[in-house]
>>> print(open('structure15.pdb').read())   # PDB, C-alpha atoms and all ligand atoms
ATOM      1  CA  MET A   1       1.157  26.488  -6.709  1.00  0.00           C
ATOM      2  CA  SER A   2       2.119  23.256  -8.386  1.00  0.00           C
ATOM      3  CA  LYS A   3       1.229  20.193  -6.372  1.00  0.00           C
ATOM      4  CA  HIS A   4       4.357  18.170  -6.860  1.00  0.00           C
ATOM      5  CA  LEU A   5       5.107  15.044  -4.859  1.00  0.00           C
ATOM      6  CA  VAL A   6       7.702  12.327  -4.675  1.00  0.00           C
ATOM      7  CA  LEU A   7       6.226   8.867  -4.269  1.00  0.00           C
ATOM      8  CA  ALA A   8       8.346   7.123  -1.643  1.00  0.00           C
ATOM      9  CA  SER A   9       7.876   3.617  -2.985  1.00  0.00           C
ATOM     10  CA  GLY A  10       9.717   1.127  -5.131  1.00  0.00           C
ATOM     11  CA  ASN A  11       6.618  -1.021  -5.688  1.00  0.00           C
ATOM     12  CA  ALA A  12       5.497  -0.817  -9.320  1.00  0.00           C
ATOM     13  CA  GLY A  13       1.927  -1.829  -8.472  1.00  0.00           C
ATOM     14  CA  LYS A  14       1.532   0.936  -5.897  1.00  0.00           C
ATOM     15  CA  LEU A  15       3.157   3.505  -8.198  1.00  0.00           C
ATOM     16  CA  ARG A  16       0.707   2.654 -10.971  1.00  0.00           C
ATOM     17  CA  GLU A  17      -2.252   3.061  -8.621  1.00  0.00           C
ATOM     18  CA  PHE A  18      -0.962   6.369  -7.249  1.00  0.00           C
ATOM     19  CA  ASP A  19      -0.506   7.683 -10.786  1.00  0.00           C
ATOM     20  CA  GLN A  20      -4.048   6.696 -11.727  1.00  0.00           C
ATOM     21  CA  LEU A  21      -5.456   8.317  -8.607  1.00  0.00           C
ATOM     22  CA  LEU A  22      -3.377  11.497  -8.412  1.00  0.00           C
ATOM     23  CA  ALA A  23      -2.885  12.559 -12.041  1.00  0.00           C
ATOM     24  CA  PRO A  24      -6.581  13.490 -12.565  1.00  0.00           C
ATOM     25  CA  LEU A  25      -6.408  15.612  -9.397  1.00  0.00           C
ATOM     26  CA  GLY A  26      -3.663  17.787 -10.839  1.00  0.00           C
ATOM     27  CA  PHE A  27      -0.754  16.371  -8.881  1.00  0.00           C
ATOM     28  CA  GLU A  28       2.604  16.081 -10.532  1.00  0.00           C
ATOM     29  CA  VAL A  29       4.094  12.904  -9.120  1.00  0.00           C
ATOM     30  CA  LYS A  30       7.493  11.325  -9.571  1.00  0.00           C
ATOM     31  CA  PRO A  31       8.721   8.020  -8.217  1.00  0.00           C
ATOM     32  CA  GLN A  32      11.610   8.141  -5.774  1.00  0.00           C
ATOM     33  CA  SER A  33      13.751   6.249  -8.317  1.00  0.00           C
ATOM     34  CA  GLU A  34      14.083   9.529 -10.242  1.00  0.00           C
ATOM     35  CA  PHE A  35      15.978  10.943  -7.281  1.00  0.00           C
ATOM     36  CA  ALA A  36      18.101   7.870  -6.559  1.00  0.00           C
ATOM     37  CA  VAL A  37      16.474   7.351  -3.158  1.00  0.00           C
ATOM     38  CA  ASP A  38      17.680   4.073  -1.666  1.00  0.00           C
ATOM     39  CA  GLU A  39      15.202   1.643  -0.174  1.00  0.00           C
ATOM     40  CA  VAL A  40      15.147   2.270   3.594  1.00  0.00           C
ATOM     41  CA  GLU A  41      15.120  -0.517   6.121  1.00  0.00           C
ATOM     42  CA  GLU A  42      11.578  -0.870   7.417  1.00  0.00           C
ATOM     43  CA  THR A  43      12.493  -1.219  11.081  1.00  0.00           C
ATOM     44  CA  GLY A  44       9.220   0.073  12.552  1.00  0.00           C
ATOM     45  CA  LEU A  45       6.733  -2.111  14.395  1.00  0.00           C
ATOM     46  CA  THR A  46       3.738  -0.354  12.902  1.00  0.00           C
ATOM     47  CA  PHE A  47       2.659   0.637   9.405  1.00  0.00           C
ATOM     48  CA  VAL A  48       2.761   4.293  10.373  1.00  0.00           C
ATOM     49  CA  GLU A  49       6.354   4.110  11.623  1.00  0.00           C
ATOM     50  CA  ASN A  50       7.487   2.438   8.415  1.00  0.00           C
ATOM     51  CA  ALA A  51       5.610   4.914   6.246  1.00  0.00           C
ATOM     52  CA  LEU A  52       7.248   7.797   8.131  1.00  0.00           C
ATOM     53  CA  LEU A  53      10.714   6.302   7.612  1.00  0.00           C
ATOM     54  CA  LYS A  54      10.091   5.943   3.880  1.00  0.00           C
ATOM     55  CA  ALA A  55       8.584   9.408   3.407  1.00  0.00           C
ATOM     56  CA  ARG A  56      11.304  11.121   5.424  1.00  0.00           C
ATOM     57  CA  GLU A  57      14.126   9.536   3.440  1.00  0.00           C
ATOM     58  CA  ALA A  58      12.495  10.316   0.078  1.00  0.00           C
ATOM     59  CA  SER A  59      11.864  13.915   1.093  1.00  0.00           C
ATOM     60  CA  ARG A  60      15.363  14.332   2.482  1.00  0.00           C
ATOM     61  CA  VAL A  61      17.050  13.058  -0.677  1.00  0.00           C
ATOM     62  CA  SER A  62      14.728  14.719  -3.200  1.00  0.00           C
ATOM     63  CA  GLY A  63      14.122  17.989  -1.373  1.00  0.00           C
ATOM     64  CA  ALA A  64      10.437  17.659  -2.326  1.00  0.00           C
ATOM     65  CA  PRO A  65       7.252  16.769  -0.433  1.00  0.00           C
ATOM     66  CA  ALA A  66       6.961  12.980  -0.173  1.00  0.00           C
ATOM     67  CA  LEU A  67       4.092  10.546   0.034  1.00  0.00           C
ATOM     68  CA  ALA A  68       4.749   7.067   1.445  1.00  0.00           C
ATOM     69  CA  ASP A  69       2.489   4.044   1.692  1.00  0.00           C
ATOM     70  CA  ASP A  70       3.050   1.216   4.115  1.00  0.00           C
ATOM     71  CA  SER A  71       0.498  -1.479   3.635  1.00  0.00           C
ATOM     72  CA  GLY A  72      -0.162  -5.152   4.122  1.00  0.00           C
ATOM     73  CA  LEU A  73      -2.548  -7.965   4.724  1.00  0.00           C
ATOM     74  CA  ALA A  74      -3.812  -8.998   8.182  1.00  0.00           C
ATOM     75  CA  VAL A  75      -5.315 -12.491   8.202  1.00  0.00           C
ATOM     76  CA  GLU A  76      -7.627 -13.293  11.090  1.00  0.00           C
ATOM     77  CA  ALA A  77      -6.795 -17.014  11.241  1.00  0.00           C
ATOM     78  CA  LEU A  78      -3.109 -16.045  11.427  1.00  0.00           C
ATOM     79  CA  GLN A  79      -3.636 -13.596  14.308  1.00  0.00           C
ATOM     80  CA  GLY A  80      -3.120 -10.637  12.003  1.00  0.00           C
ATOM     81  CA  ARG A  81      -0.052 -11.905  10.192  1.00  0.00           C
ATOM     82  CA  PRO A  82       1.685 -11.173   7.895  1.00  0.00           C
ATOM     83  CA  GLY A  83       0.773  -7.537   8.734  1.00  0.00           C
ATOM     84  CA  ILE A  84       3.747  -5.192   8.475  1.00  0.00           C
ATOM     85  CA  TYR A  85       5.805  -8.163   7.263  1.00  0.00           C
ATOM     86  CA  SER A  86       3.554  -8.799   4.246  1.00  0.00           C
ATOM     87  CA  ALA A  87       6.228  -7.930   1.661  1.00  0.00           C
ATOM     88  CA  ARG A  88       8.753 -10.287   3.285  1.00  0.00           C
ATOM     89  CA  PHE A  89       6.337 -13.036   4.367  1.00  0.00           C
ATOM     90  CA  ALA A  90       8.236 -15.736   2.462  1.00  0.00           C
ATOM     91  CA  GLY A  91      11.648 -14.187   3.266  1.00  0.00           C
ATOM     92  CA  GLU A  92      14.033 -11.948   1.352  1.00  0.00           C
ATOM     93  CA  PRO A  93      14.212 -10.924  -1.404  1.00  0.00           C
ATOM     94  CA  LYS A  94      10.529 -10.051  -1.483  1.00  0.00           C
ATOM     95  CA  ASP A  95       8.569 -11.874  -4.152  1.00  0.00           C
ATOM     96  CA  ASP A  96       4.789 -11.735  -4.678  1.00  0.00           C
ATOM     97  CA  GLU A  97       4.527 -15.276  -6.067  1.00  0.00           C
ATOM     98  CA  ARG A  98       6.395 -16.842  -3.187  1.00  0.00           C
ATOM     99  CA  ASN A  99       4.409 -14.765  -0.693  1.00  0.00           C
ATOM    100  CA  ASN A 100       1.152 -15.967  -2.214  1.00  0.00           C
ATOM    101  CA  ARG A 101       2.241 -19.601  -2.077  1.00  0.00           C
ATOM    102  CA  HIS A 102       3.379 -19.113   1.507  1.00  0.00           C
ATOM    103  CA  LEU A 103      -0.001 -17.657   2.427  1.00  0.00           C
ATOM    104  CA  LEU A 104      -1.868 -20.578   0.841  1.00  0.00           C
ATOM    105  CA  GLU A 105       0.317 -23.025   2.762  1.00  0.00           C
ATOM    106  CA  ALA A 106      -0.213 -21.180   6.035  1.00  0.00           C
ATOM    107  CA  LEU A 107      -3.985 -21.420   5.476  1.00  0.00           C
ATOM    108  CA  SER A 108      -4.096 -24.940   4.046  1.00  0.00           C
ATOM    109  CA  ASP A 109      -6.041 -26.260   7.055  1.00  0.00           C
ATOM    110  CA  VAL A 110      -8.347 -23.259   7.351  1.00  0.00           C
ATOM    111  CA  PRO A 111     -11.768 -23.860   5.762  1.00  0.00           C
ATOM    112  CA  GLU A 112     -13.794 -21.433   3.661  1.00  0.00           C
ATOM    113  CA  GLY A 113     -15.710 -19.113   5.955  1.00  0.00           C
ATOM    114  CA  GLU A 114     -12.744 -18.785   8.330  1.00  0.00           C
ATOM    115  CA  ARG A 115     -10.374 -17.099   5.915  1.00  0.00           C
ATOM    116  CA  HIS A 116     -11.179 -13.488   6.677  1.00  0.00           C
ATOM    117  CA  ALA A 117      -8.500 -10.930   5.815  1.00  0.00           C
ATOM    118  CA  ARG A 118      -8.055  -7.202   5.905  1.00  0.00           C
ATOM    119  CA  TYR A 119      -5.775  -5.077   3.762  1.00  0.00           C
ATOM    120  CA  TRP A 120      -4.392  -2.045   5.576  1.00  0.00           C
ATOM    121  CA  CYS A 121      -2.927   1.045   3.985  1.00  0.00           C
ATOM    122  CA  VAL A 122      -1.258   3.837   5.916  1.00  0.00           C
ATOM    123  CA  LEU A 123      -0.322   6.939   3.966  1.00  0.00           C
ATOM    124  CA  VAL A 124       2.071   9.572   5.242  1.00  0.00           C
ATOM    125  CA  LEU A 125       2.654  12.898   3.538  1.00  0.00           C
ATOM    126  CA  LEU A 126       5.607  14.997   4.636  1.00  0.00           C
ATOM    127  CA  ARG A 127       5.888  18.487   3.220  1.00  0.00           C
ATOM    128  CA  HIS A 128       9.630  18.371   3.921  1.00  0.00           C
ATOM    129  CA  ALA A 129      12.015  15.978   5.649  1.00  0.00           C
ATOM    130  CA  GLU A 130      11.643  17.638   9.053  1.00  0.00           C
ATOM    131  CA  ASP A 131       7.938  18.324   8.813  1.00  0.00           C
ATOM    132  CA  PRO A 132       6.719  18.077  12.432  1.00  0.00           C
ATOM    133  CA  VAL A 133       3.102  17.654  11.337  1.00  0.00           C
ATOM    134  CA  PRO A 134       2.878  14.739   8.918  1.00  0.00           C
ATOM    135  CA  LEU A 135      -0.472  14.154   7.322  1.00  0.00           C
ATOM    136  CA  ILE A 136      -1.461  10.566   8.185  1.00  0.00           C
ATOM    137  CA  VAL A 137      -4.409   8.554   6.939  1.00  0.00           C
ATOM    138  CA  GLN A 138      -5.189   4.871   7.332  1.00  0.00           C
ATOM    139  CA  ARG A 139      -7.929   2.818   5.706  1.00  0.00           C
ATOM    140  CA  HIS A 140      -8.711  -0.870   5.365  1.00  0.00           C
ATOM    141  CA  TRP A 141     -10.449  -3.221   2.924  1.00  0.00           C
ATOM    142  CA  ASP A 142     -12.022  -6.492   4.017  1.00  0.00           C
ATOM    143  CA  GLY A 143     -12.123  -9.749   2.098  1.00  0.00           C
ATOM    144  CA  GLU A 144     -11.481 -13.487   2.205  1.00  0.00           C
ATOM    145  CA  ILE A 145      -8.441 -15.465   1.182  1.00  0.00           C
ATOM    146  CA  LEU A 146      -9.183 -17.768  -1.742  1.00  0.00           C
ATOM    147  CA  ALA A 147      -7.874 -21.331  -2.002  1.00  0.00           C
ATOM    148  CA  HIS A 148      -6.487 -20.663  -5.499  1.00  0.00           C
ATOM    149  CA  PRO A 149      -5.370 -17.495  -7.271  1.00  0.00           C
ATOM    150  CA  ARG A 150      -7.807 -15.770  -9.654  1.00  0.00           C
ATOM    151  CA  GLY A 151      -7.248 -12.900 -12.081  1.00  0.00           C
ATOM    152  CA  GLU A 152      -4.355 -11.088 -13.690  1.00  0.00           C
ATOM    153  CA  GLY A 153      -4.770  -7.486 -12.511  1.00  0.00           C
ATOM    154  CA  GLY A 154      -3.486  -5.642  -9.465  1.00  0.00           C
ATOM    155  CA  PHE A 155      -0.340  -6.843  -7.703  1.00  0.00           C
ATOM    156  CA  GLY A 156       0.825  -8.586  -4.545  1.00  0.00           C
ATOM    157  CA  TYR A 157      -1.841 -10.636  -2.798  1.00  0.00           C
ATOM    158  CA  ASP A 158      -4.662  -9.460  -5.103  1.00  0.00           C
ATOM    159  CA  PRO A 159      -5.197 -12.828  -6.885  1.00  0.00           C
ATOM    160  CA  LEU A 160      -5.922 -14.397  -3.482  1.00  0.00           C
ATOM    161  CA  PHE A 161      -8.051 -11.556  -2.082  1.00  0.00           C
ATOM    162  CA  TRP A 162     -11.743 -12.263  -2.623  1.00  0.00           C
ATOM    163  CA  VAL A 163     -14.057  -9.251  -2.502  1.00  0.00           C
ATOM    164  CA  PRO A 164     -17.453 -10.692  -1.511  1.00  0.00           C
ATOM    165  CA  ASP A 165     -19.566  -7.673  -2.528  1.00  0.00           C
ATOM    166  CA  GLN A 166     -18.134  -7.752  -6.050  1.00  0.00           C
ATOM    167  CA  GLY A 167     -17.988 -11.532  -6.457  1.00  0.00           C
ATOM    168  CA  MET A 168     -14.453 -11.189  -7.767  1.00  0.00           C
ATOM    169  CA  SER A 169     -10.882 -11.308  -6.579  1.00  0.00           C
ATOM    170  CA  ALA A 170      -9.062  -7.980  -6.306  1.00  0.00           C
ATOM    171  CA  ALA A 171      -7.036  -9.082  -9.352  1.00  0.00           C
ATOM    172  CA  GLU A 172     -10.251  -9.486 -11.374  1.00  0.00           C
ATOM    173  CA  LEU A 173     -11.503  -5.965 -10.663  1.00  0.00           C
ATOM    174  CA  SER A 174     -10.801  -3.242 -13.196  1.00  0.00           C
ATOM    175  CA  ALA A 175      -8.127  -0.788 -12.111  1.00  0.00           C
ATOM    176  CA  SER A 176     -10.741   1.898 -11.518  1.00  0.00           C
ATOM    177  CA  GLU A 177     -12.978  -0.427  -9.467  1.00  0.00           C
ATOM    178  CA  LYS A 178     -10.034  -1.480  -7.318  1.00  0.00           C
ATOM    179  CA  ASN A 179      -9.076   2.162  -6.794  1.00  0.00           C
ATOM    180  CA  ARG A 180     -12.633   3.060  -5.821  1.00  0.00           C
ATOM    181  CA  LEU A 181     -12.906   0.284  -3.228  1.00  0.00           C
ATOM    182  CA  SER A 182      -9.421  -0.421  -1.980  1.00  0.00           C
ATOM    183  CA  HIS A 183      -7.640   0.482   1.226  1.00  0.00           C
ATOM    184  CA  ARG A 184      -5.196   2.579  -0.837  1.00  0.00           C
ATOM    185  CA  GLY A 185      -7.786   4.308  -3.024  1.00  0.00           C
ATOM    186  CA  ARG A 186      -9.909   5.280  -0.056  1.00  0.00           C
ATOM    187  CA  ALA A 187      -6.928   6.381   2.036  1.00  0.00           C
ATOM    188  CA  LEU A 188      -5.692   8.551  -0.808  1.00  0.00           C
ATOM    189  CA  HIS A 189      -9.044  10.235  -1.285  1.00  0.00           C
ATOM    190  CA  ALA A 190      -9.179  11.011   2.425  1.00  0.00           C
ATOM    191  CA  LEU A 191      -5.646  12.355   2.318  1.00  0.00           C
ATOM    192  CA  VAL A 192      -6.374  14.637  -0.626  1.00  0.00           C
ATOM    193  CA  GLU A 193      -9.481  15.880   1.144  1.00  0.00           C
ATOM    194  CA  ALA A 194      -7.506  16.581   4.307  1.00  0.00           C
ATOM    195  CA  LEU A 195      -4.905  18.386   2.220  1.00  0.00           C
ATOM    196  CA  SER A 196      -7.441  20.799   0.850  1.00  0.00           C
ATOM    197  CA  ASP A 197      -8.253  21.792   4.444  1.00  0.00           C
ATOM    198  CA  THR A 198      -4.601  22.220   5.366  1.00  0.00           C
ATOM    199  CA  ALA A 199      -2.092  24.776   4.214  1.00  0.00           C
ATOM    200  CA  TRP A 200      -0.060  22.948   1.612  1.00  0.00           C
ATOM    201  CA  SER A 201       2.985  25.167   2.068  1.00  0.00           C
ATOM    202  CA  PRO A 202       5.215  24.319   5.038  1.00  0.00           C
TER     203      PRO A 202
HETATM  204  O1  LIG B 301      -3.418  -3.315  -2.910  1.00  0.00           O
HETATM  205  C1  LIG B 301      -2.705  -4.303  -2.676  1.00  0.00           C
HETATM  206  N1  LIG B 301      -2.802  -5.424  -3.411  1.00  0.00           N
HETATM  207  C2  LIG B 301      -2.018  -6.477  -3.215  1.00  0.00           C
HETATM  208  N2  LIG B 301      -1.063  -6.550  -2.275  1.00  0.00           N
HETATM  209  C3  LIG B 301      -0.934  -5.450  -1.508  1.00  0.00           C
HETATM  210  C4  LIG B 301      -1.723  -4.309  -1.660  1.00  0.00           C
HETATM  211  N3  LIG B 301      -1.352  -3.400  -0.759  1.00  0.00           N
HETATM  212  C5  LIG B 301      -0.374  -3.948  -0.066  1.00  0.00           C
HETATM  213  N4  LIG B 301      -0.097  -5.192  -0.525  1.00  0.00           N
HETATM  214  C6  LIG B 301       0.958  -6.101  -0.078  1.00  0.00           C
HETATM  215  C7  LIG B 301       2.114  -6.071  -1.066  1.00  0.00           C
HETATM  216  C8  LIG B 301       3.312  -6.218  -0.179  1.00  0.00           C
HETATM  217  O2  LIG B 301       3.498  -7.605   0.096  1.00  0.00           O
HETATM  218  C9  LIG B 301       2.887  -5.532   1.115  1.00  0.00           C
HETATM  219  C10 LIG B 301       3.283  -4.078   1.134  1.00  0.00           C
HETATM  220  O3  LIG B 301       4.567  -3.932   1.695  1.00  0.00           O
HETATM  221  P1  LIG B 301       5.241  -2.474   1.716  1.00  0.00           P
HETATM  222  O4  LIG B 301       6.487  -2.529   2.484  1.00  0.00           O
HETATM  223  O5  LIG B 301       4.209  -1.470   2.103  1.00  0.00           O
HETATM  224  O6  LIG B 301       5.546  -2.195   0.181  1.00  0.00           O
HETATM  225  P2  LIG B 301       6.749  -2.639  -0.741  1.00  0.00           P
HETATM  226  O7  LIG B 301       7.913  -3.121   0.090  1.00  0.00           O
HETATM  227  O8  LIG B 301       6.243  -3.577  -1.753  1.00  0.00           O
HETATM  228  O9  LIG B 301       7.156  -1.293  -1.461  1.00  0.00           O
HETATM  229  P3  LIG B 301       7.605   0.089  -0.742  1.00  0.00           P
HETATM  230  O10 LIG B 301       7.881  -0.216   0.716  1.00  0.00           O
HETATM  231  O11 LIG B 301       8.806   0.537  -1.479  1.00  0.00           O
HETATM  232  O12 LIG B 301       6.451   1.032  -0.909  1.00  0.00           O
HETATM  233  O13 LIG B 301       1.473  -5.639   1.155  1.00  0.00           O
HETATM  234 MG    MG B 302       8.432  -2.092   1.725  1.00  0.00          MG
END
>>> encode(input="structure15.pdb", output="structure tokens")
Amino acid sequence: MSKHLVLASGNAGKLREFDQLLAPLGFEVKPQSEFAVDEVEETGLTFVENALLKAREASRVSGAPALADDSGLAVEALQGRPGIYSARFAGEPKDDERNNRHLLEALSDVPEGERHARYWCVLVLLRHAEDPVPLIVQRHWDGEILAHPRGEGGFGYDPLFWVPDQGMSAAELSASEKNRLSHRGRALHALVEALSDTAWSP
């Protein structure tokens, strides 16, 4: 059976990472833009609620199984903000550059050593829009928020996310290194593993 999936995301950085991770595993993935899925309002108060909303809409409109990712950055010195509001931290419309500047301003008085942050990624796979048993996986990735951006790779907050074990920012890692270490890469591997234990057909 072909393992086809709609990716319920409009974020080009996420879509690129999902392609890199899923194509070698034999999944045939298409972005939701190919089915004219509109962006849903992310009205949930948790990553998992928002991921469910996105997956359900993409599956409903496309008629195919859908994978959604709701993710964000929780900064300890900011009591876990921006969290589920990471994409809109600096207001609408969402803009990575403005979000990064906003984060640096919010942490301007916070010294090195107190800038701990955690990326979260929650993945939801729905086999169909009314799937009562969504497959849900969440993983995190710990780092520190830099005082200045470094690197050109990745997307979003990656130029500000220092990965101590690697001695690089997330935007300085190669795509494959980021995928091996990241919240999203690790969540996706766990999801694919869980899938192989579960009946894929509804
Ligand atoms: O690996 C990452 N590297 C850098 N930044 C990241 C990462 N993972 C999440 N993030 C940031 C981007 C965005 O500010 C927020 C996700 O927000 P989130 O609503 O899940 O995604 P989105 O609105 O960009 O696209 P969509 O909802 O269509 O999937 O967290
Ligand atoms: Mg979003």
>>> residues_near_ligand(input="structure15.pdb", ligand="ligand MG 302 (chain B)", cutoff="8 Å", atoms="all atoms listed in the file", output="ChimeraX atom specification")
/A:9-11,39,42,70,87
>>> closest_residue(input="structure15.pdb", among="A:His189, A:Lys178, A:His148, A:Arg115", to="ligand LIG 301 (chain B)", atoms="all atoms listed in the file")
A:Lys178
>>> resolve_selection(input="structure15.pdb", expression="the PyMOL selection byres (((chain A and resi 134-141) around 8) and not hetatm)", output="number ranges by chain")
A: 48, 118-127, 131-133, 142-143, 181-184, 186-188, 190-191, 195
>>> write_last_selection(input="structure15.pdb", atoms="C-alpha atoms", output="PDB file, in the coordinates of the input")
ATOM      1  CA  VAL A  48       2.761   4.293  10.373  1.00  0.00           C
ATOM      2  CA  ARG A 118      -8.055  -7.202   5.905  1.00  0.00           C
ATOM      3  CA  TYR A 119      -5.775  -5.077   3.762  1.00  0.00           C
ATOM      4  CA  TRP A 120      -4.392  -2.045   5.576  1.00  0.00           C
ATOM      5  CA  CYS A 121      -2.927   1.045   3.985  1.00  0.00           C
ATOM      6  CA  VAL A 122      -1.258   3.837   5.916  1.00  0.00           C
ATOM      7  CA  LEU A 123      -0.322   6.939   3.966  1.00  0.00           C
ATOM      8  CA  VAL A 124       2.071   9.572   5.242  1.00  0.00           C
ATOM      9  CA  LEU A 125       2.654  12.898   3.538  1.00  0.00           C
ATOM     10  CA  LEU A 126       5.607  14.997   4.636  1.00  0.00           C
ATOM     11  CA  ARG A 127       5.888  18.487   3.220  1.00  0.00           C
ATOM     12  CA  ASP A 131       7.938  18.324   8.813  1.00  0.00           C
ATOM     13  CA  PRO A 132       6.719  18.077  12.432  1.00  0.00           C
ATOM     14  CA  VAL A 133       3.102  17.654  11.337  1.00  0.00           C
ATOM     15  CA  ASP A 142     -12.022  -6.492   4.017  1.00  0.00           C
ATOM     16  CA  GLY A 143     -12.123  -9.749   2.098  1.00  0.00           C
ATOM     17  CA  LEU A 181     -12.906   0.284  -3.228  1.00  0.00           C
ATOM     18  CA  SER A 182      -9.421  -0.421  -1.980  1.00  0.00           C
ATOM     19  CA  HIS A 183      -7.640   0.482   1.226  1.00  0.00           C
ATOM     20  CA  ARG A 184      -5.196   2.579  -0.837  1.00  0.00           C
ATOM     21  CA  ARG A 186      -9.909   5.280  -0.056  1.00  0.00           C
ATOM     22  CA  ALA A 187      -6.928   6.381   2.036  1.00  0.00           C
ATOM     23  CA  LEU A 188      -5.692   8.551  -0.808  1.00  0.00           C
ATOM     24  CA  ALA A 190      -9.179  11.011   2.425  1.00  0.00           C
ATOM     25  CA  LEU A 191      -5.646  12.355   2.318  1.00  0.00           C
ATOM     26  CA  LEU A 195      -4.905  18.386   2.220  1.00  0.00           C
TER      27      LEU A 195
END
>>> closest_residue(input="structure15.pdb", among="A:Lys94, A:Arg150, A:His128, A:Arg101", to="A:Leu173", atoms="all atoms listed in the file")
A:Arg150
>>> residues_near_point(input="structure15.pdb", point="(-5.9, -24.2, -4.1)", cutoff="10 Å", atoms="only C-alpha atoms", output="count of residues only")
9
>>> atom_distance(input="structure15.pdb", atom1="atom O13 of ligand LIG 301 (chain B)", atom2="atom CA of A:Ser86")
4.9 Å
>>> resolve_selection(input="structure15.pdb", expression="the PyMOL selection byres (((chain A and resi 22-35) around 8) and not hetatm)", output="list in words")
Ser2, Lys3, His4, Leu5, Val6, Leu7, Ala8, Ser9, Gly10, Leu15, Phe18, Asp19, Gln20, Leu21, Ala36, Val37, Ala58, Val61 and Ser62 of chain A
>>> axis_aligned_box(input="structure15.pdb", around="stretch 9-15 of chain A", padding_each_side="8 Å", output="lines of an AutoDock Vina configuration file")
center_x = 5.6
center_y = 0.9
center_z = -6.2
size_x = 24.2
size_y = 21.4
size_z = 22.3
>>> residues_near_point(input="structure15.pdb", point="(-0.8, -15.0, 7.5)", cutoff="8 Å", atoms="only C-alpha atoms", output="PyMOL selection string")
chain A and resi 73-83+103+106-107
>>> atom_distance(input="structure15.pdb", atom1="atom CA of A:Arg98", atom2="atom CA of A:Glu114")
22.4 Å
>>> decode(input="structure15.pdb", residues="stretch 90-101 of chain A", atoms="N, CA and C atoms", output="short mmCIF file (atom, residue, chain, number, x, y, z; two decimals), in the first residue's frame")
data_model
loop_
_atom_site.label_atom_id
_atom_site.label_comp_id
_atom_site.auth_asym_id
_atom_site.auth_seq_id
_atom_site.Cartn_x
_atom_site.Cartn_y
_atom_site.Cartn_z
N ALA A 90 5.88 38.38 17.45
CA ALA A 90 5.99 39.83 17.18
C ALA A 90 4.73 40.35 16.49
N GLY A 91 3.63 39.61 16.56
CA GLY A 91 2.36 40.04 15.97
C GLY A 91 2.15 39.47 14.58
N GLU A 92 1.01 39.82 14.00
CA GLU A 92 0.65 39.34 12.66
C GLU A 92 1.02 40.41 11.63
N PRO A 93 1.32 40.06 10.40
CA PRO A 93 1.53 38.70 9.92
C PRO A 93 2.84 38.12 10.44
N LYS A 94 2.89 36.80 10.57
CA LYS A 94 4.07 36.18 11.16
C LYS A 94 5.31 36.40 10.29
N ASP A 95 6.42 36.62 10.96
CA ASP A 95 7.64 37.01 10.24
C ASP A 95 8.83 36.58 11.11
N ASP A 96 9.65 35.68 10.57
CA ASP A 96 10.77 35.12 11.36
C ASP A 96 11.73 36.21 11.84
N GLU A 97 12.06 37.14 10.95
CA GLU A 97 13.03 38.19 11.31
C GLU A 97 12.54 39.04 12.48
N ARG A 98 11.29 39.43 12.37
CA ARG A 98 10.72 40.27 13.44
C ARG A 98 10.61 39.46 14.74
N ASN A 99 10.25 38.19 14.62
CA ASN A 99 10.18 37.35 15.82
C ASN A 99 11.53 37.24 16.49
N ASN A 100 12.58 37.08 15.68
CA ASN A 100 13.92 36.94 16.25
C ASN A 100 14.35 38.23 16.95
N ARG A 101 14.06 39.36 16.32
CA ARG A 101 14.40 40.64 16.97
C ARG A 101 13.62 40.81 18.27
#
